[in-house]
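K.L.:
Just so it is clear, I am handing over target14.txt, which has compact mmCIF, C-alpha atoms.
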# COMPACT_ATOMS: atom_id res chain seq x y z
CA MET A 10 -22.97 -12.72 -15.49
CA THR A 11 -25.17 -10.10 -13.90
CA GLU A 12 -23.50 -6.94 -15.18
CA PRO A 13 -21.88 -6.25 -18.56
CA VAL A 14 -18.23 -5.14 -18.71
CA ARG A 15 -17.79 -2.26 -21.17
CA ILE A 16 -14.51 -0.50 -21.91
CA ALA A 17 -14.27 2.27 -24.52
CA GLY A 18 -17.54 1.16 -26.09
CA HIS A 19 -16.55 -2.52 -26.25
CA GLU A 20 -18.49 -5.10 -24.25
CA ILE A 21 -16.42 -8.00 -22.94
CA SER A 22 -18.22 -11.33 -22.97
CA PRO A 23 -17.90 -14.03 -20.27
CA GLY A 24 -14.79 -16.13 -20.90
CA GLU A 25 -13.31 -13.55 -23.29
CA ARG A 26 -9.70 -12.39 -23.26
CA THR A 27 -8.85 -9.34 -25.35
CA ARG A 28 -6.84 -6.14 -25.60
CA ILE A 29 -8.36 -2.71 -26.09
CA ASP A 30 -6.29 0.34 -27.05
CA LEU A 31 -7.52 3.51 -25.38
CA THR A 32 -6.93 6.47 -27.69
CA LEU A 33 -4.68 9.23 -26.29
CA PRO A 34 -3.60 12.60 -27.77
CA ASN A 35 -1.27 12.25 -30.77
CA LEU A 36 2.38 13.21 -30.72
CA TYR A 37 3.16 16.52 -32.43
CA THR A 38 4.32 14.45 -35.43
CA GLN A 39 0.68 13.25 -35.63
CA THR A 40 1.83 9.77 -34.61
CA PRO A 41 -1.11 8.03 -32.88
CA VAL A 42 -0.71 7.10 -29.19
CA ALA A 43 -2.75 4.50 -27.33
CA MET A 44 -2.90 3.02 -23.83
CA PRO A 45 -3.28 -0.78 -24.17
CA VAL A 46 -5.59 -2.47 -21.64
CA HIS A 47 -5.65 -6.25 -21.28
CA LEU A 48 -9.07 -7.56 -20.27
CA LEU A 49 -9.69 -11.07 -18.97
CA ARG A 50 -13.24 -11.92 -18.01
CA GLY A 51 -14.00 -15.20 -16.29
CA ARG A 52 -17.05 -17.28 -17.04
CA ARG A 53 -18.28 -16.70 -13.49
CA ASP A 54 -19.04 -13.31 -12.00
CA GLY A 55 -16.78 -11.93 -9.30
CA PRO A 56 -14.55 -9.00 -8.33
CA ARG A 57 -13.14 -6.67 -10.95
CA LEU A 58 -9.47 -6.01 -10.26
CA PHE A 59 -7.46 -3.36 -12.09
CA ILE A 60 -3.67 -3.43 -12.09
CA THR A 61 -1.66 -0.46 -13.33
CA ALA A 62 2.05 0.03 -13.97
CA ALA A 63 4.32 2.79 -15.29
CA ILE A 64 2.19 5.69 -14.10
CA HIS A 65 5.69 7.07 -13.79
CA GLY A 66 7.13 6.23 -17.20
CA ASP A 67 10.56 5.13 -15.97
CA GLU A 68 9.22 2.67 -13.35
CA ILE A 69 9.39 -0.42 -15.52
CA ASN A 70 9.41 -3.32 -13.02
CA GLY A 71 5.62 -3.29 -13.02
CA VAL A 72 5.53 -3.73 -16.81
CA GLU A 73 7.32 -7.06 -16.47
CA ILE A 74 5.21 -8.04 -13.44
CA ILE A 75 2.04 -7.66 -15.52
CA ARG A 76 3.57 -9.52 -18.47
CA ARG A 77 4.34 -12.52 -16.27
CA LEU A 78 0.96 -12.30 -14.54
CA LEU A 79 -0.93 -12.44 -17.85
CA ALA A 80 0.98 -15.63 -18.76
CA HIS A 81 0.40 -17.32 -15.41
CA PRO A 82 -1.58 -20.59 -15.57
CA ALA A 83 -3.63 -19.59 -12.52
CA LEU A 84 -5.64 -17.24 -14.75
CA ARG A 85 -7.05 -20.14 -16.78
CA HIS A 86 -9.82 -20.53 -14.21
CA LEU A 87 -10.42 -16.84 -13.55
CA ARG A 88 -13.52 -15.75 -11.68
CA GLY A 89 -14.50 -12.13 -12.16
CA THR A 90 -12.58 -9.67 -14.36
CA LEU A 91 -8.94 -8.57 -14.58
CA LEU A 92 -8.14 -5.19 -16.15
CA ALA A 93 -4.37 -4.88 -16.61
CA VAL A 94 -2.65 -1.72 -17.88
CA PRO A 95 1.09 -2.45 -18.28
CA VAL A 96 1.99 1.12 -19.33
CA VAL A 97 -0.22 4.00 -18.22
CA ASN A 98 2.19 6.86 -18.95
CA VAL A 99 3.01 5.86 -22.52
CA TYR A 100 4.63 9.24 -23.23
CA GLY A 101 7.09 8.93 -20.34
CA TYR A 102 7.73 5.25 -21.03
CA VAL A 103 8.98 5.81 -24.59
CA ARG A 104 11.17 8.71 -23.36
CA GLN A 105 12.43 6.75 -20.33
CA SER A 106 11.14 9.59 -18.17
CA ARG A 107 9.18 9.70 -14.93
CA TYR A 108 7.16 12.64 -16.22
CA LEU A 109 4.97 13.57 -19.14
CA PRO A 110 6.38 15.77 -21.94
CA ASP A 111 5.02 18.87 -20.13
CA ARG A 112 7.01 17.82 -17.00
CA ARG A 113 3.86 17.08 -15.02
CA ASP A 114 3.73 14.15 -12.59
CA LEU A 115 0.78 11.98 -13.62
CA ASN A 116 0.38 10.67 -10.07
CA ARG A 117 -0.40 14.19 -8.87
CA SER A 118 -2.92 14.84 -11.67
CA PHE A 119 -5.86 12.57 -10.81
CA PRO A 120 -8.82 12.55 -11.33
CA GLY A 121 -7.97 14.70 -14.33
CA SER A 122 -10.19 16.36 -16.92
CA ASP A 123 -11.13 15.75 -20.55
CA THR A 124 -10.38 19.42 -21.32
CA GLY A 125 -7.30 19.97 -19.13
CA SER A 126 -3.56 19.50 -19.61
CA LEU A 127 -2.06 16.39 -21.22
CA ALA A 128 -1.61 14.91 -17.74
CA ALA A 129 -5.22 15.70 -16.84
CA ARG A 130 -6.53 14.10 -20.03
CA LEU A 131 -4.46 10.96 -19.55
CA ALA A 132 -5.58 10.74 -15.92
CA ALA A 133 -9.24 11.15 -16.87
CA THR A 134 -8.97 8.40 -19.50
CA LEU A 135 -7.62 5.93 -16.94
CA ILE A 136 -10.22 6.86 -14.32
CA ASN A 137 -13.21 6.81 -16.66
CA GLU A 138 -12.34 3.72 -18.69
CA VAL A 139 -10.58 1.50 -16.14
CA VAL A 140 -10.68 2.54 -12.49
CA THR A 141 -14.40 3.24 -12.19
CA LYS A 142 -15.17 -0.10 -13.90
CA ALA A 143 -13.34 -1.99 -11.12
CA THR A 144 -14.07 -3.00 -7.54
CA HIS A 145 -10.41 -3.30 -6.40
CA GLY A 146 -7.02 -2.06 -7.57
CA ILE A 147 -3.25 -2.58 -7.35
CA ASP A 148 -0.86 0.14 -8.52
CA LEU A 149 2.76 -0.93 -9.21
CA HIS A 150 5.68 1.44 -8.60
CA THR A 151 9.43 1.48 -8.01
CA GLY A 152 11.75 3.94 -6.36
CA ALA A 153 12.59 7.09 -8.29
CA LEU A 154 15.68 7.43 -10.49
CA HIS A 155 18.77 6.23 -8.57
CA ARG A 156 16.62 5.21 -5.58
CA GLU A 157 15.80 1.63 -4.68
CA ASN A 158 12.94 0.35 -2.53
CA LEU A 159 12.55 -2.86 -0.57
CA PRO A 160 9.29 -4.60 -1.60
CA GLN A 161 6.54 -2.93 0.43
CA ILE A 162 2.84 -2.21 0.36
CA ARG A 163 1.47 1.26 1.03
CA ALA A 164 -2.17 1.52 1.99
CA THR A 165 -4.55 3.26 4.38
CA LEU A 166 -5.32 0.30 6.59
CA ASP A 167 -8.20 1.89 8.47
CA ALA A 168 -9.94 2.86 5.21
CA SER A 169 -11.79 -0.46 5.35
CA PRO A 170 -11.30 -3.93 6.85
CA GLU A 171 -10.94 -5.26 3.30
CA THR A 172 -8.01 -2.94 2.53
CA SER A 173 -6.14 -4.21 5.57
CA GLU A 174 -6.95 -7.82 4.68
CA LEU A 175 -5.75 -7.46 1.09
CA ALA A 176 -2.56 -5.65 2.15
CA ARG A 177 -1.67 -8.66 4.28
CA ALA A 178 -2.69 -11.08 1.53
CA PHE A 179 -0.15 -9.44 -0.78
CA ALA A 180 2.41 -10.60 1.81
CA ALA A 181 5.20 -8.11 1.10
CA PRO A 182 7.50 -8.07 4.15
CA VAL A 183 6.60 -4.50 5.11
CA ILE A 184 3.34 -2.53 5.09
CA LEU A 185 3.43 1.24 5.40
CA ASP A 186 0.14 2.51 6.78
CA ALA A 187 -0.03 5.90 5.11
CA ASP A 188 -2.67 8.28 3.82
CA PRO A 189 -2.67 8.94 0.05
CA ARG A 190 -1.24 12.13 -1.39
CA PRO A 191 -3.65 14.59 -3.04
CA GLY A 192 -3.92 14.06 -6.78
CA SER A 193 -2.69 10.47 -6.60
CA LEU A 194 -4.47 7.45 -8.06
CA ARG A 195 -4.78 6.04 -4.55
CA ALA A 196 -6.59 9.18 -3.36
CA VAL A 197 -9.12 9.03 -6.20
CA ALA A 198 -9.69 5.30 -5.70
CA ALA A 199 -10.50 6.04 -2.06
CA GLU A 200 -13.07 8.63 -3.15
CA HIS A 201 -14.76 5.91 -5.21
CA ASP A 202 -14.59 3.43 -2.29
CA ILE A 203 -12.23 1.18 -4.26
CA PRO A 204 -9.67 -0.60 -2.03
CA LEU A 205 -6.27 0.04 -3.62
CA LEU A 206 -2.81 -1.26 -2.74
CA LEU A 207 0.32 0.56 -3.88
CA PHE A 208 3.28 -1.78 -4.36
CA GLU A 209 6.78 -0.27 -4.22
CA ALA A 210 9.86 -2.31 -5.13
CA GLY A 211 13.13 -1.83 -6.98
CA GLU A 212 14.54 1.14 -8.87
CA ALA A 213 13.52 3.16 -11.91
CA LEU A 214 14.82 2.02 -15.32
CA ARG A 215 16.00 -1.31 -13.91
CA PHE A 216 14.54 -4.81 -13.95
CA ASP A 217 15.05 -6.40 -10.54
CA GLU A 218 14.23 -10.11 -10.42
CA PHE A 219 13.59 -10.14 -6.68
CA SER A 220 11.11 -7.27 -6.95
CA ILE A 221 9.40 -8.74 -10.01
CA ARG A 222 8.87 -12.07 -8.29
CA ALA A 223 7.55 -10.26 -5.24
CA GLY A 224 5.01 -8.40 -7.38
CA VAL A 225 3.71 -11.46 -9.21
CA ARG A 226 3.49 -13.46 -6.01
CA GLY A 227 1.72 -10.64 -4.21
CA ILE A 228 -0.90 -10.05 -6.92
CA LEU A 229 -1.70 -13.77 -7.05
CA GLY A 230 -2.09 -13.73 -3.26
CA VAL A 231 -4.59 -10.88 -3.48
CA MET A 232 -6.50 -12.61 -6.27
CA ARG A 233 -6.73 -15.79 -4.19
CA ARG A 234 -8.04 -13.81 -1.24
CA LEU A 235 -10.67 -12.22 -3.48
CA GLY A 236 -11.68 -15.62 -4.79
CA MET A 237 -10.66 -14.76 -8.36
CA ILE A 238 -8.29 -17.74 -8.72
CA ARG A 239 -7.96 -21.10 -7.04
CA ALA A 240 -5.79 -21.74 -4.02
CA SER A 241 -2.25 -22.74 -4.91
CA GLY A 242 -1.80 -26.49 -5.22
CA GLY A 243 1.97 -26.44 -5.63
CA ARG A 244 4.79 -25.96 -3.18
CA ARG A 245 5.35 -22.35 -2.18
CA ALA A 246 8.02 -21.17 0.21
CA ARG A 247 6.54 -20.04 3.49
CA VAL A 248 7.10 -16.49 4.71
CA ARG A 249 6.15 -14.68 7.87
CA ALA A 250 3.11 -12.45 7.90
CA PRO A 251 3.99 -8.87 6.89
CA VAL A 252 4.70 -6.37 9.63
CA VAL A 253 3.16 -2.89 9.74
CA ALA A 254 5.56 0.01 10.20
CA ARG A 255 4.40 2.50 12.82
CA SER A 256 6.25 5.31 11.01
CA SER A 257 9.11 6.00 8.62
CA LEU A 258 11.57 8.79 7.88
CA TRP A 259 14.23 9.75 5.38
CA VAL A 260 17.77 10.36 6.57
CA ARG A 261 19.12 13.36 4.67
CA ALA A 262 22.66 14.36 3.76
CA PRO A 263 24.18 16.70 6.38
CA GLN A 264 26.47 18.14 3.71
CA SER A 265 27.23 17.80 0.01
CA GLY A 266 29.80 15.29 -1.16
CA VAL A 267 30.38 11.71 -2.26
CA LEU A 268 28.49 9.03 -0.33
CA LEU A 269 30.33 5.84 0.59
CA SER A 270 27.37 3.70 1.61
CA LEU A 271 27.87 1.08 4.31
CA THR A 272 24.25 -0.09 4.63
CA ALA A 273 22.35 -2.49 2.40
CA LEU A 274 18.67 -2.34 1.52
CA GLY A 275 16.71 -4.34 4.10
CA ALA A 276 19.39 -4.00 6.75
CA GLN A 277 18.54 -3.63 10.44
CA VAL A 278 19.99 -0.46 11.95
CA GLU A 279 20.18 0.86 15.48
CA ARG A 280 20.01 4.49 16.49
CA GLY A 281 23.46 6.04 16.12
CA ASP A 282 24.75 3.48 13.62
CA THR A 283 26.89 4.84 10.79
CA LEU A 284 24.90 4.29 7.60
CA GLY A 285 27.51 5.76 5.31
CA VAL A 286 30.28 8.34 5.07
CA LEU A 287 30.24 11.59 3.11
CA THR A 288 33.60 12.47 1.63
CA ASP A 289 35.07 14.14 -1.45
CA PRO A 290 38.49 14.62 -3.09
CA PHE A 291 38.73 18.32 -2.16
CA ARG A 292 39.02 18.16 1.65
CA PRO A 293 40.44 15.71 4.19
CA ALA A 294 37.49 15.58 6.63
CA ASP A 295 34.79 12.91 6.37
CA GLU A 296 31.24 13.26 7.70
CA PRO A 297 29.39 10.18 9.00
CA VAL A 298 25.70 9.72 8.19
CA ARG A 299 24.09 8.30 11.32
CA ALA A 300 20.77 6.59 11.89
CA PRO A 301 18.44 8.84 13.93
CA CYS A 302 16.36 5.82 15.01
CA SER A 303 16.28 2.04 15.02
CA GLY A 304 14.52 0.22 12.22
CA ILE A 305 14.92 -1.36 8.78
CA VAL A 306 16.21 0.37 5.67
CA ILE A 307 13.34 0.13 3.16
CA GLY A 308 14.73 2.62 0.63
CA ARG A 309 18.06 4.15 -0.25
CA THR A 310 19.85 6.18 -2.90
CA ASN A 311 22.17 4.34 -5.28
CA LEU A 312 23.83 7.53 -6.55
CA PRO A 313 27.04 8.42 -4.65
CA LEU A 314 26.99 12.10 -5.67
CA VAL A 315 24.73 13.89 -3.18
CA THR A 316 23.79 17.43 -2.23
CA GLU A 317 23.14 18.67 1.29
CA GLY A 318 19.57 17.85 2.29
CA GLU A 319 19.19 15.04 -0.24
CA ALA A 320 17.33 11.90 0.90
CA LEU A 321 19.78 9.04 1.43
CA TYR A 322 18.14 6.27 3.49
CA HIS A 323 14.48 5.53 4.20
CA ILE A 324 14.08 3.88 7.60
CA ALA A 325 10.85 2.20 8.74
CA ARG A 326 10.23 1.94 12.48
CA PHE A 327 8.40 -0.99 14.08
CA GLY A 328 6.94 -1.79 17.46
CA VAL A 329 8.80 -5.11 17.58
CA LEU A 330 11.91 -4.75 15.45
CA GLU A 331 12.95 -8.40 15.73
CA SER A 332 9.73 -9.59 14.06
CA ALA A 333 10.26 -7.18 11.17
CA VAL A 334 13.85 -8.31 10.69
CA GLU A 335 12.79 -11.97 10.61
CA ALA A 336 9.99 -11.19 8.13
CA VAL A 337 12.40 -9.47 5.74
CA GLU A 338 14.96 -12.27 5.98
CA GLN A 339 12.42 -15.03 5.36
CA TYR A 340 11.04 -13.08 2.43
CA ARG A 341 14.49 -12.78 0.86
CA VAL A 342 15.06 -16.52 1.18
CA ALA A 343 11.63 -17.38 -0.24
CA LEU A 344 12.07 -15.19 -3.33
CA ASP A 345 15.77 -15.82 -3.91
CA PRO A 346 16.31 -15.43 -7.69
CA GLU A 347 18.60 -18.48 -7.54
CA ASP A 348 15.61 -20.58 -6.47
CA GLU A 349 13.69 -21.46 -9.63
CA THR A 350 10.64 -22.78 -7.71
CA GLU A 351 9.28 -19.23 -7.42
CA ALA A 352 10.21 -17.99 -10.88
CA GLY A 353 7.05 -18.81 -12.79
CA PRO A 354 6.90 -18.01 -16.53
CA SER A 355 9.75 -15.50 -16.50
CA ILE A 356 10.92 -15.91 -20.11
CA LEU A 357 8.26 -16.77 -22.68
Take the structure in this file and express it as structure tokens.
P.N.:
Amino acid sequence: MTEPVRIAGHEISPGERTRIDLTLPNLYTQTPVAMPVHLLRGRRDGPRLFITAAIHGDEINGVEIIRRLLAHPALRHLRGTLLAVPVVNVYGYVRQSRYLPDRRDLNRSFPGSDTGSLAARLAATLINEVVTKATHGIDLHTGALHRENLPQIRATLDASPETSELARAFAAPVILDADPRPGSLRAVAAEHDIPLLLFEAGEALRFDEFSIRAGVRGILGVMRRLGMIRASGGRRARVRAPVVARSSLWVRAPQSGVLLSLTALGAQVERGDTLGVLTDPFRPADEPVRAPCSGIVIGRTNLPLVTEGEALYHIARFGVLESAVEAVEQYRVALDPEDETEAGPSIL
């Protein structure tokens, strides 16, 4: 191995698998808090991939994705180094909250500061001890509370040819080509020239088997493309290559009321279609919610009680809609939770 791997003062030897707890600020009860990092270093040198989950503390699908990944037999012959952080926002995770105790959004607080707010200090710890030690990254997210996302990759495809290649290797049905938001982990990774994929799937505070399988499968696909693990020797269901959305938009509630949704996640919609109906028990008139464009629903609210202006349906638009529809349908079939061939080590 040409370069040592050091995290928080610990050097990881070739072939070593360990866990290091990064010290974070105590609770006000003086209870210690730590951010666990799983480190797996292969006997051969190679890429260093970091994987993070629960930057938003209530987005728990990624926690289970990393648990299953760490138990996967493909890692027995690892080349390079895997740095996995199942729970970044420990404070939000134990409170089942998206935010930190000071109500800050950690994914708007990067790169952070050792002398700043709690969010800034947590962000700086992750950047200094994990992100800057890596060559590539994958950040796992879900929809916000009461919002559900179709499995999708978000990345800046023209950032580098490698970013585009890895986004396709993840093989989620949809890729959103989007610039990172200021203060996000993806923005800071770009500043360090680290290709980073953001995976969105499922809903906050819910385990979704379809989304979890998609995440494990996608990470393994990226690791194979990077040469970190061997090519799959077993049978894997074939799926179409992912399609890149040319744009996306949120359809917002034209008035307050109770949403009777008529449109499923992943559904194809045409401009003018009725996505749902807004009604309530206090007036006889109903208000249809119509699609302003054709596309595929890649996100939607699961809460029927809505306020005027609230985001209800996220529609992705494609150059060739039929190809996108076929990609989504094949993906659903391939990762059907009733099909145990894709499950992997789900329950240990």
K.L.:
Which residues of stretch 200-274 of chain A come within 6 Å of stretch 300-320 of chain A, and for each one, what is the closest pair of atoms and their distance in Å to one decimal, counting all atoms listed in the file, sorted by chain and residue number, as a tab-separated table?
P.N.:
residue	atom	partner	partner_atom	distance
A:Trp259	CA	A:Ala320	CA	5.9
A:Val260	CA	A:Ala320	CA	5.9
A:Arg261	CA	A:Ala320	CA	4.4
A:Ala262	CA	A:Gly318	CA	4.9
A:Pro263	CA	A:Glu317	CA	5.6
A:Gln264	CA	A:Glu317	CA	4.2
A:Ser265	CA	A:Thr316	CA	4.1
A:Gly266	CA	A:Val315	CA	5.6
A:Val267	CA	A:Leu314	CA	4.8
A:Leu268	CA	A:Pro313	CA	4.6
A:Leu274	CA	A:Val306	CA	5.5
K.L.:
Just the number, please: distance in Å from atom CA of A:Ala83 to atom CA of A:Pro13, one decimal.
P.N.:
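The value is 23.4 Å.
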K.L.:
Enumerate, in order of chain and increasing residue number, the residues of stretch 152-266 of chain A with an atom no farther than 12 Å from stretch 133-145 of chain A, each with its shortest atom pair and distance in Å to one decimal, counting all atoms listed in the file, as a tab-separated table.
P.N.:
residue	atom	partner	partner_atom	distance
A:Glu171	CA	A:His145	CA	9.9
A:Thr172	CA	A:His145	CA	9.3
A:Leu175	CA	A:His145	CA	9.8
A:Ala176	CA	A:His145	CA	11.8
A:Gly192	CA	A:Ala133	CA	11.8
A:Ser193	CA	A:Ile136	CA	11.4
A:Leu194	CA	A:Ile136	CA	8.5
A:Arg195	CA	A:Val140	CA	10.5
A:Ala196	CA	A:Ile136	CA	11.8
A:Val197	CA	A:Ile136	CA	8.5
A:Ala198	CA	A:Val140	CA	7.4
A:Ala199	CA	A:His145	CA	10.3
A:Glu200	CA	A:Thr141	CA	10.6
A:His201	CA	A:Thr141	CA	7.5
A:Asp202	CA	A:Thr144	CA	8.3
A:Ile203	CA	A:His145	CA	5.3
A:Pro204	CA	A:His145	CA	5.2
A:Leu205	CA	A:His145	CA	6.0
A:Leu206	CA	A:His145	CA	8.7
A:Leu207	CA	A:His145	CA	11.7
A:Ile228	CA	A:His145	CA	11.7
A:Val231	CA	A:His145	CA	10.0
A:Met232	CA	A:His145	CA	10.1
A:Arg234	CA	A:His145	CA	11.9
A:Leu235	CA	A:His145	CA	9.4
A:Met237	CA	A:His145	CA	11.6
K.L.:
Save out the residues we just selected, C-alpha atoms, as a PDB file, in the coordinates of the input.
P.N.:
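File written: again_22.pdb
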ATOM      1  CA  GLU A 171     -10.940  -5.260   3.300  1.00  0.00           C
ATOM      2  CA  THR A 172      -8.010  -2.940   2.530  1.00  0.00           C
ATOM      3  CA  LEU A 175      -5.750  -7.460   1.090  1.00  0.00           C
ATOM      4  CA  ALA A 176      -2.560  -5.650   2.150  1.00  0.00           C
ATOM      5  CA  GLY A 192      -3.920  14.060  -6.780  1.00  0.00           C
ATOM      6  CA  SER A 193      -2.690  10.470  -6.600  1.00  0.00           C
ATOM      7  CA  LEU A 194      -4.470   7.450  -8.060  1.00  0.00           C
ATOM      8  CA  ARG A 195      -4.780   6.040  -4.550  1.00  0.00           C
ATOM      9  CA  ALA A 196      -6.590   9.180  -3.360  1.00  0.00           C
ATOM     10  CA  VAL A 197      -9.120   9.030  -6.200  1.00  0.00           C
ATOM     11  CA  ALA A 198      -9.690   5.300  -5.700  1.00  0.00           C
ATOM     12  CA  ALA A 199     -10.500   6.040  -2.060  1.00  0.00           C
ATOM     13  CA  GLU A 200     -13.070   8.630  -3.150  1.00  0.00           C
ATOM     14  CA  HIS A 201     -14.760   5.910  -5.210  1.00  0.00           C
ATOM     15  CA  ASP A 202     -14.590   3.430  -2.290  1.00  0.00           C
ATOM     16  CA  ILE A 203     -12.230   1.180  -4.260  1.00  0.00           C
ATOM     17  CA  PRO A 204      -9.670  -0.600  -2.030  1.00  0.00           C
ATOM     18  CA  LEU A 205      -6.270   0.040  -3.620  1.00  0.00           C
ATOM     19  CA  LEU A 206      -2.810  -1.260  -2.740  1.00  0.00           C
ATOM     20  CA  LEU A 207       0.320   0.560  -3.880  1.00  0.00           C
ATOM     21  CA  ILE A 228      -0.900 -10.050  -6.920  1.00  0.00           C
ATOM     22  CA  VAL A 231      -4.590 -10.880  -3.480  1.00  0.00           C
ATOM     23  CA  MET A 232      -6.500 -12.610  -6.270  1.00  0.00           C
ATOM     24  CA  ARG A 234      -8.040 -13.810  -1.240  1.00  0.00           C
ATOM     25  CA  LEU A 235     -10.670 -12.220  -3.480  1.00  0.00           C
ATOM     26  CA  MET A 237     -10.660 -14.760  -8.360  1.00  0.00           C
TER      27      MET A 237
END
K.L.:
So how far away is atom CA of A:Thr90 from atom CA of A:Ala250, in Å?
P.N.:
27.4 Å
K.L.:
Nearest to A:Val42 among A:Asn70, A:Ser22, A:Ser257, A:Asn98, with distances taken over all atoms listed in the file: which residue is it?
P.N.:
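Among A:Asn70, A:Ser22, A:Ser257, A:Asn98, it is A:Asn98 that comes nearest to A:Val42.
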K.L.:
To one decimal in Å, tell me the separation between atom CA of A:Arg53 and atom CA of A:Ala17.
P.N.:
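Separation between atom CA of A:Arg53 and atom CA of A:Ala17: 22.3 Å.
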K.L.:
Kindly reconstruct stretch 259-265 of chain A with all heavy atoms and present the result as a compact mmCIF listing (two decimals), in the coordinates of the input.
P.N.:
# COMPACT_ATOMS: atom_id res chain seq x y z
N TRP A 259 13.06 9.71 6.25
CA TRP A 259 14.23 9.75 5.38
C TRP A 259 15.39 10.41 6.12
O TRP A 259 15.23 11.46 6.74
CB TRP A 259 13.92 10.54 4.11
CG TRP A 259 13.27 9.73 3.02
CD1 TRP A 259 11.94 9.65 2.74
CD2 TRP A 259 13.93 8.88 2.09
NE1 TRP A 259 11.72 8.81 1.67
CE2 TRP A 259 12.93 8.32 1.25
CE3 TRP A 259 15.27 8.53 1.86
CZ2 TRP A 259 13.23 7.44 0.21
CZ3 TRP A 259 15.56 7.64 0.83
CH2 TRP A 259 14.55 7.12 0.02
N VAL A 260 16.54 9.78 6.04
CA VAL A 260 17.77 10.36 6.57
C VAL A 260 18.39 11.17 5.45
O VAL A 260 18.64 10.65 4.36
CB VAL A 260 18.76 9.27 7.03
CG1 VAL A 260 20.02 9.91 7.61
CG2 VAL A 260 18.10 8.35 8.05
N ARG A 261 18.66 12.45 5.72
CA ARG A 261 19.12 13.36 4.67
C ARG A 261 20.59 13.71 4.84
O ARG A 261 21.13 13.64 5.95
CB ARG A 261 18.27 14.63 4.65
CG ARG A 261 16.81 14.31 4.32
CD ARG A 261 15.95 15.53 4.11
NE ARG A 261 14.60 15.12 3.72
CZ ARG A 261 14.21 14.85 2.48
NH1 ARG A 261 15.09 14.98 1.49
NH2 ARG A 261 12.98 14.47 2.21
N ALA A 262 21.23 14.07 3.75
CA ALA A 262 22.66 14.36 3.76
C ALA A 262 22.95 15.61 4.58
O ALA A 262 22.39 16.67 4.32
CB ALA A 262 23.16 14.56 2.33
N PRO A 263 23.84 15.52 5.58
CA PRO A 263 24.18 16.70 6.38
C PRO A 263 25.05 17.69 5.63
O PRO A 263 25.16 18.85 6.03
CB PRO A 263 24.92 16.10 7.58
CG PRO A 263 25.50 14.82 7.07
CD PRO A 263 24.50 14.30 6.07
N GLN A 264 25.67 17.25 4.54
CA GLN A 264 26.47 18.14 3.71
C GLN A 264 26.57 17.53 2.32
O GLN A 264 26.22 16.36 2.10
CB GLN A 264 27.86 18.33 4.30
CG GLN A 264 28.70 17.06 4.28
CD GLN A 264 30.07 17.23 4.91
OE1 GLN A 264 30.21 17.94 5.91
NE2 GLN A 264 31.08 16.60 4.34
N SER A 265 27.03 18.31 1.36
CA SER A 265 27.23 17.80 0.01
C SER A 265 28.53 17.01 -0.06
O SER A 265 29.45 17.22 0.73
CB SER A 265 27.27 18.96 -0.99
OG SER A 265 26.08 19.72 -0.94
